[in-house]
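Chemist: Okay, here's the structure, questions in a sec.
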Amino acid sequence: MTEYDLAQGLADLMHWGKIESVENAEMADSEQGYSGAKILRKRLILQNGTERTIIFKRTDLKERCAMVHLTRQKQCSPVSFSNDTVSDTQEWIAMEDLGLQKHHDPTDIKWLSKVAHSLSKVHIKNLDKGHEMSWLPTADESYWNTVTSTLSLSHMEKEIADNNNFAAHFEKYMPKLYAKAKLFAGEMTELCRESGCMTLTHGDLQTPDGSHIYDCGGEPRIIDFGFCRYAPFYIDLAGWFSEKNLVLYYYELQKSGYELRYSDFKERAISASRYNGFIYLYPSLMAYKRGDTAKLLQTLSIILHGNTK
């Protein structure tokens, strides 16, 4: 599919009319993200004389399918178009340009309530429907072992082996980290057996000061589903909803008719709260090498104690 055809496909979804031409537009380095995926901004000159900008991103199959799937469901994600939802290769997708990010205070309850509403809509609509999303890989015991080892603790091990100064400060943490990794992998594997919480998850929502949930006119929009997986919805709460405000998401579940005692919900959410510690351990190690020790200590604390503050 040509660049023009891909852009026109999105323009049709946005009801913009016919495109006269497609041009390159400026994109700041900070907008590229850290995944390494190629992202471009394009300027569309429409036949009616107006201009629009859109985003082109080179994605794998699961992300393309997720974005198209969410667009069809009219979820809180960028409107997206791809004509290839079968090739297991990196291909381009055209997406709505959401512009610059607006950050919110992590204690902004009004904003967190809106995020809980939007996020729960994604989860509830796709709950226990893995059989309808063959393109979406399922979390299992092997996956959780990968999360706790290859994606996280193996990097700590390497840094300890390569850096005597680092080892002197952090090697003492390893026995407890190994124990928490085993506990977390076991609890998540068990949770995956509960079909009532398995759904399309984002898997990389960061925290309120991150860049994967945008404020667009006061409403949340979720971007970058490159880490999506069929997994317990609890992992998407880690980093956003503390033990104190988990109830905001629980209220949304209740409104949808989801039946689960709050004590049981809270127990599962607290178990999953270590998720952000494991998946963001490597980035925090990179931050440590740039002089940010606090970020690494915070990430280790999440693994050891959970994100319950």
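Residues are referred to by chain and number: the chain letter is A, B, ... according to the order shown in the structure tokens, the number counts from 1 in that chain, and ligands are numbered separately from 1 in the order shown.
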Please report as a tab-separated table every residue of segment 147-217 of chain A lying within 12 Å of segment 71-79 of chain A, along with the nearest atom pair and their distance in Å (one decimal), using only C-alpha atoms.
Modeler:
```
residue	atom	partner	partner_atom	distance
A:His202	CA	A:Ser77	CA	10.9
A:His212	CA	A:Ser77	CA	10.2
A:Ile213	CA	A:Ser77	CA	9.0
A:Tyr214	CA	A:Ser77	CA	9.4
A:Asp215	CA	A:Cys76	CA	10.6
A:Cys216	CA	A:Cys76	CA	10.0
```
Chemist: Convert the current residue selection to file output with C-alpha atoms, as a PDB file, in the first residue's frame.
Modeler:
```pdb
ATOM      1  CA  HIS A 202      -1.736  -2.208  27.233  1.00  0.00           C
ATOM      2  CA  HIS A 212       1.242   6.876  27.085  1.00  0.00           C
ATOM      3  CA  ILE A 213      -2.014   8.435  28.300  1.00  0.00           C
ATOM      4  CA  TYR A 214      -2.728  11.797  26.684  1.00  0.00           C
ATOM      5  CA  ASP A 215      -5.089  14.522  27.807  1.00  0.00           C
ATOM      6  CA  CYS A 216      -7.030  15.477  24.700  1.00  0.00           C
TER       7      CYS A 216
END
```
Chemist: For segment 253-268 of chain A, please output as an MDAnalysis selection string all residues within 10 Å (counting only C-alpha atoms; exclusion window: fewer than 4 positions along the same chain).
Modeler: chainID A and resid 116:117 120:121 123:125 187:188 191 196:197 232 234:235 243 246:249 272:273
Chemist: Would you mind exporting the chosen residues as a compact mmCIF listing (two decimals), in the first residue's frame, restricted to C-alpha atoms?
Modeler:
```
# COMPACT_ATOMS: atom_id res chain seq x y z
CA ALA A 116 -10.20 4.59 35.31
CA HIS A 117 -13.36 5.02 33.22
CA SER A 120 -12.05 -0.04 32.21
CA LYS A 121 -13.98 0.37 28.94
CA HIS A 123 -10.78 -4.00 29.57
CA ILE A 124 -14.47 -4.79 29.96
CA LYS A 125 -15.22 -4.74 26.23
CA GLU A 187 0.86 -15.21 41.42
CA MET A 188 0.49 -13.87 37.88
CA LEU A 191 -4.20 -15.11 38.03
CA GLY A 196 -12.84 -13.23 34.36
CA CYS A 197 -9.85 -10.88 34.47
CA PRO A 232 -5.00 -9.86 33.69
CA TYR A 234 -4.62 -5.70 36.98
CA ILE A 235 -1.22 -5.10 35.35
CA GLU A 243 -3.80 1.15 47.22
CA LEU A 246 -7.74 1.55 43.51
CA VAL A 247 -11.39 2.06 44.40
CA LEU A 248 -11.71 4.49 41.46
CA TYR A 249 -11.18 1.64 39.01
CA ALA A 272 0.15 -7.15 40.27
CA SER A 273 1.54 -3.81 41.47
```
Chemist: Among segment 128-306 of chain A, which residues carry a DSSP assignment of alpha helix (DSSP H), reported as a PyMOL selection string?
Modeler: chain A and resi 141-148+154-162+164-170+174-191+246-255+262-272+275-279+281-289+293-305
Chemist: Would you mind reading off the distance between atom CA of Tyr4 of chain A and atom CA of Pro220 of chain A, one decimal, in Å?
Modeler: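 Separating atom CA of Tyr4 of chain A from atom CA of Pro220 of chain A is a distance of 29.2 Å.
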Chemist: For a quick check of understanding, using only C-alpha atoms, which of A:Ala181, A:Leu119, A:Leu70, A:Lys38 has the smallest distance to Thr150 of chain A?
Modeler: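 Result for the nearest residue to Thr150 of chain A: A:Ala181.
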Chemist: Considering only C-alpha atoms, state which residue in the set A:Leu127, A:Ile109, A:Ala25, A:Ala139 is at the smallest distance from Ala185 of chain A.
Modeler: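 Of the candidates, the smallest distance to Ala185 of chain A is held by A:Ala139.
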Chemist: Can you pull out every residue from segment 78-147 of chain A that DSSP, working from the backbone, puts in strand (DSSP E or B), and format the result as a list in words?
Modeler: Ser80, Phe81, Glu91, Trp92, Ile93, Ala94, Met95, Glu96 and Thr138 of chain A
Chemist: Just to confirm, what's the straight-line distance from atom CA of Ser134 of chain A to atom CA of Asp60 of chain A in Å (one decimal)?
Modeler: 14.2 Å
Chemist: Determine, counting only C-alpha atoms, which protein, DNA and RNA residues have an atom within 10 Å of an atom of Gly226 of chain A; residues of the same chain fewer than 2 positions away are not included. Present the result as a list of chain:residue names.
Modeler: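 Result of the neighbour search: A:Ser35, A:Ala37, A:Thr59, A:Asp60, A:Leu61, A:Lys62, A:Glu63, A:Arg64, A:Ala66, A:Met67, A:His202, A:Gly203, A:Asp204, A:Ile223, A:Asp224, A:Cys228, A:Arg229.
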Chemist: Would you save the residues of that selection, restricted to N, CA and C atoms, as a compact mmCIF listing (two decimals), in the first residue's frame?
Modeler:
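The resulting file, part-v9.txt, is shown below:
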```
# COMPACT_ATOMS: atom_id res chain seq x y z
N SER A 35 11.04 3.02 22.33
CA SER A 35 10.93 1.63 21.89
C SER A 35 11.79 1.33 20.67
N ALA A 37 10.77 2.09 17.66
CA ALA A 37 9.87 2.04 16.51
C ALA A 37 9.97 3.33 15.71
N THR A 59 4.96 -0.81 12.85
CA THR A 59 4.57 -1.63 13.99
C THR A 59 4.56 -3.11 13.64
N ASP A 60 4.56 -3.94 14.70
CA ASP A 60 4.40 -5.37 14.48
C ASP A 60 2.91 -5.71 14.38
N LEU A 61 2.62 -6.96 14.10
CA LEU A 61 1.24 -7.38 13.83
C LEU A 61 0.32 -7.11 15.01
N LYS A 62 0.74 -7.45 16.22
CA LYS A 62 -0.17 -7.32 17.36
C LYS A 62 -0.55 -5.87 17.61
N GLU A 63 0.39 -4.94 17.42
CA GLU A 63 0.06 -3.53 17.65
C GLU A 63 -0.87 -3.01 16.56
N ARG A 64 -0.62 -3.37 15.31
CA ARG A 64 -1.53 -2.93 14.24
C ARG A 64 -2.94 -3.44 14.50
N ALA A 66 -4.27 -4.42 17.32
CA ALA A 66 -4.84 -3.80 18.51
C ALA A 66 -5.39 -2.41 18.20
N MET A 67 -4.64 -1.61 17.45
CA MET A 67 -5.08 -0.25 17.15
C MET A 67 -6.31 -0.24 16.26
N HIS A 202 -2.75 -3.06 27.86
CA HIS A 202 -1.74 -2.21 27.23
C HIS A 202 -0.34 -2.70 27.61
N GLY A 203 -0.12 -2.89 28.91
CA GLY A 203 1.13 -3.48 29.37
C GLY A 203 2.28 -2.52 29.57
N ASP A 204 2.10 -1.23 29.19
CA ASP A 204 3.22 -0.28 29.29
C ASP A 204 2.68 1.13 29.55
N ILE A 223 -2.16 5.63 24.01
CA ILE A 223 -1.36 5.39 22.81
C ILE A 223 -0.36 4.26 23.04
N ASP A 224 0.28 3.84 21.95
CA ASP A 224 1.43 2.92 21.96
C ASP A 224 1.10 1.57 22.61
N CYS A 228 1.20 -4.75 24.12
CA CYS A 228 -0.11 -5.31 24.47
C CYS A 228 -0.06 -6.84 24.56
N ARG A 229 -0.96 -7.38 25.36
CA ARG A 229 -0.98 -8.82 25.58
C ARG A 229 -2.34 -9.20 26.17
```
Chemist: Neighbours of Thr138 of chain A within 12 Å (only C-alpha atoms; same-chain residues fewer than 4 positions away dropped), as a list in words?
Modeler: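 Selected residues are Lys62, Asp128, Lys129, Gly130, His131, Met133, Ser134, Ser142, Tyr143, Trp144, Thr189, Cys192, Arg193, Ser195, Met198, Thr199, Leu200, Thr201, Phe227, Cys228, Arg229, Tyr230, Ala231 and Pro232 of chain A.
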Chemist: Could those selected residues go to a file with N, CA and C atoms, as a PDB file, in the first residue's frame?
Modeler:
```pdb
ATOM      1  N   LYS A  62       0.740  -7.452  16.219  1.00  0.00           N
ATOM      2  CA  LYS A  62      -0.175  -7.324  17.357  1.00  0.00           C
ATOM      3  C   LYS A  62      -0.545  -5.875  17.614  1.00  0.00           C
ATOM      4  N   ASP A 128     -12.369 -11.737  28.612  1.00  0.00           N
ATOM      5  CA  ASP A 128     -12.598 -13.156  28.313  1.00  0.00           C
ATOM      6  C   ASP A 128     -12.893 -13.390  26.828  1.00  0.00           C
ATOM      7  N   LYS A 129     -12.232 -12.613  25.954  1.00  0.00           N
ATOM      8  CA  LYS A 129     -12.466 -12.741  24.514  1.00  0.00           C
ATOM      9  C   LYS A 129     -11.176 -13.026  23.755  1.00  0.00           C
ATOM     10  N   GLY A 130     -10.280 -13.728  24.414  1.00  0.00           N
ATOM     11  CA  GLY A 130      -9.032 -14.069  23.755  1.00  0.00           C
ATOM     12  C   GLY A 130      -9.235 -14.865  22.489  1.00  0.00           C
ATOM     13  N   HIS A 131     -10.291 -15.674  22.454  1.00  0.00           N
ATOM     14  CA  HIS A 131     -10.572 -16.490  21.268  1.00  0.00           C
ATOM     15  C   HIS A 131     -10.935 -15.635  20.063  1.00  0.00           C
ATOM     16  N   MET A 133      -9.338 -12.766  19.456  1.00  0.00           N
ATOM     17  CA  MET A 133      -8.152 -11.957  19.145  1.00  0.00           C
ATOM     18  C   MET A 133      -6.952 -12.882  18.971  1.00  0.00           C
ATOM     19  N   SER A 134      -6.966 -13.660  17.919  1.00  0.00           N
ATOM     20  CA  SER A 134      -5.899 -14.641  17.682  1.00  0.00           C
ATOM     21  C   SER A 134      -4.540 -13.980  17.480  1.00  0.00           C
ATOM     22  N   SER A 142       5.582 -18.961  31.172  1.00  0.00           N
ATOM     23  CA  SER A 142       6.814 -18.621  30.477  1.00  0.00           C
ATOM     24  C   SER A 142       6.964 -17.107  30.318  1.00  0.00           C
ATOM     25  N   TYR A 143       5.862 -16.443  30.017  1.00  0.00           N
ATOM     26  CA  TYR A 143       5.908 -14.987  29.845  1.00  0.00           C
ATOM     27  C   TYR A 143       6.302 -14.301  31.147  1.00  0.00           C
ATOM     28  N   TRP A 144       5.696 -14.679  32.264  1.00  0.00           N
ATOM     29  CA  TRP A 144       5.998 -14.019  33.536  1.00  0.00           C
ATOM     30  C   TRP A 144       7.427 -14.300  33.973  1.00  0.00           C
ATOM     31  N   THR A 189       0.841 -16.161  37.122  1.00  0.00           N
ATOM     32  CA  THR A 189       0.478 -17.383  36.407  1.00  0.00           C
ATOM     33  C   THR A 189      -0.864 -17.904  36.913  1.00  0.00           C
ATOM     34  N   CYS A 192      -3.766 -15.722  35.718  1.00  0.00           N
ATOM     35  CA  CYS A 192      -4.117 -15.946  34.310  1.00  0.00           C
ATOM     36  C   CYS A 192      -5.100 -17.095  34.134  1.00  0.00           C
ATOM     37  N   ARG A 193      -5.271 -17.897  35.158  1.00  0.00           N
ATOM     38  CA  ARG A 193      -6.245 -18.988  35.090  1.00  0.00           C
ATOM     39  C   ARG A 193      -7.661 -18.493  35.381  1.00  0.00           C
ATOM     40  N   SER A 195     -10.376 -16.571  34.020  1.00  0.00           N
ATOM     41  CA  SER A 195     -10.804 -15.995  32.745  1.00  0.00           C
ATOM     42  C   SER A 195     -11.519 -14.665  32.931  1.00  0.00           C
ATOM     43  N   MET A 198      -9.004 -11.789  32.363  1.00  0.00           N
ATOM     44  CA  MET A 198      -8.145 -11.815  31.184  1.00  0.00           C
ATOM     45  C   MET A 198      -8.742 -10.960  30.074  1.00  0.00           C
ATOM     46  N   THR A 199      -7.923 -10.076  29.522  1.00  0.00           N
ATOM     47  CA  THR A 199      -8.430  -9.134  28.530  1.00  0.00           C
ATOM     48  C   THR A 199      -7.281  -8.548  27.717  1.00  0.00           C
ATOM     49  N   LEU A 200      -7.600  -7.659  26.812  1.00  0.00           N
ATOM     50  CA  LEU A 200      -6.587  -6.903  26.073  1.00  0.00           C
ATOM     51  C   LEU A 200      -5.987  -5.870  27.028  1.00  0.00           C
ATOM     52  N   THR A 201      -4.708  -6.030  27.335  1.00  0.00           N
ATOM     53  CA  THR A 201      -4.016  -5.081  28.210  1.00  0.00           C
ATOM     54  C   THR A 201      -3.002  -4.278  27.413  1.00  0.00           C
ATOM     55  N   PHE A 227       3.267  -3.151  23.529  1.00  0.00           N
ATOM     56  CA  PHE A 227       3.527  -4.163  24.554  1.00  0.00           C
ATOM     57  C   PHE A 227       2.239  -4.886  24.945  1.00  0.00           C
ATOM     58  N   CYS A 228       1.204  -4.754  24.119  1.00  0.00           N
ATOM     59  CA  CYS A 228      -0.107  -5.313  24.470  1.00  0.00           C
ATOM     60  C   CYS A 228      -0.055  -6.843  24.560  1.00  0.00           C
ATOM     61  N   ARG A 229      -0.956  -7.381  25.362  1.00  0.00           N
ATOM     62  CA  ARG A 229      -0.982  -8.824  25.583  1.00  0.00           C
ATOM     63  C   ARG A 229      -2.337  -9.196  26.171  1.00  0.00           C
ATOM     64  N   TYR A 230      -2.733 -10.450  25.992  1.00  0.00           N
ATOM     65  CA  TYR A 230      -3.929 -10.976  26.639  1.00  0.00           C
ATOM     66  C   TYR A 230      -3.507 -11.397  28.028  1.00  0.00           C
ATOM     67  N   ALA A 231      -3.891 -10.596  29.018  1.00  0.00           N
ATOM     68  CA  ALA A 231      -3.347 -10.758  30.368  1.00  0.00           C
ATOM     69  C   ALA A 231      -4.356 -10.222  31.386  1.00  0.00           C
ATOM     70  N   PRO A 232      -4.108 -10.403  32.673  1.00  0.00           N
ATOM     71  CA  PRO A 232      -5.003  -9.857  33.689  1.00  0.00           C
ATOM     72  C   PRO A 232      -5.017  -8.327  33.651  1.00  0.00           C
TER      73      PRO A 232
END
```
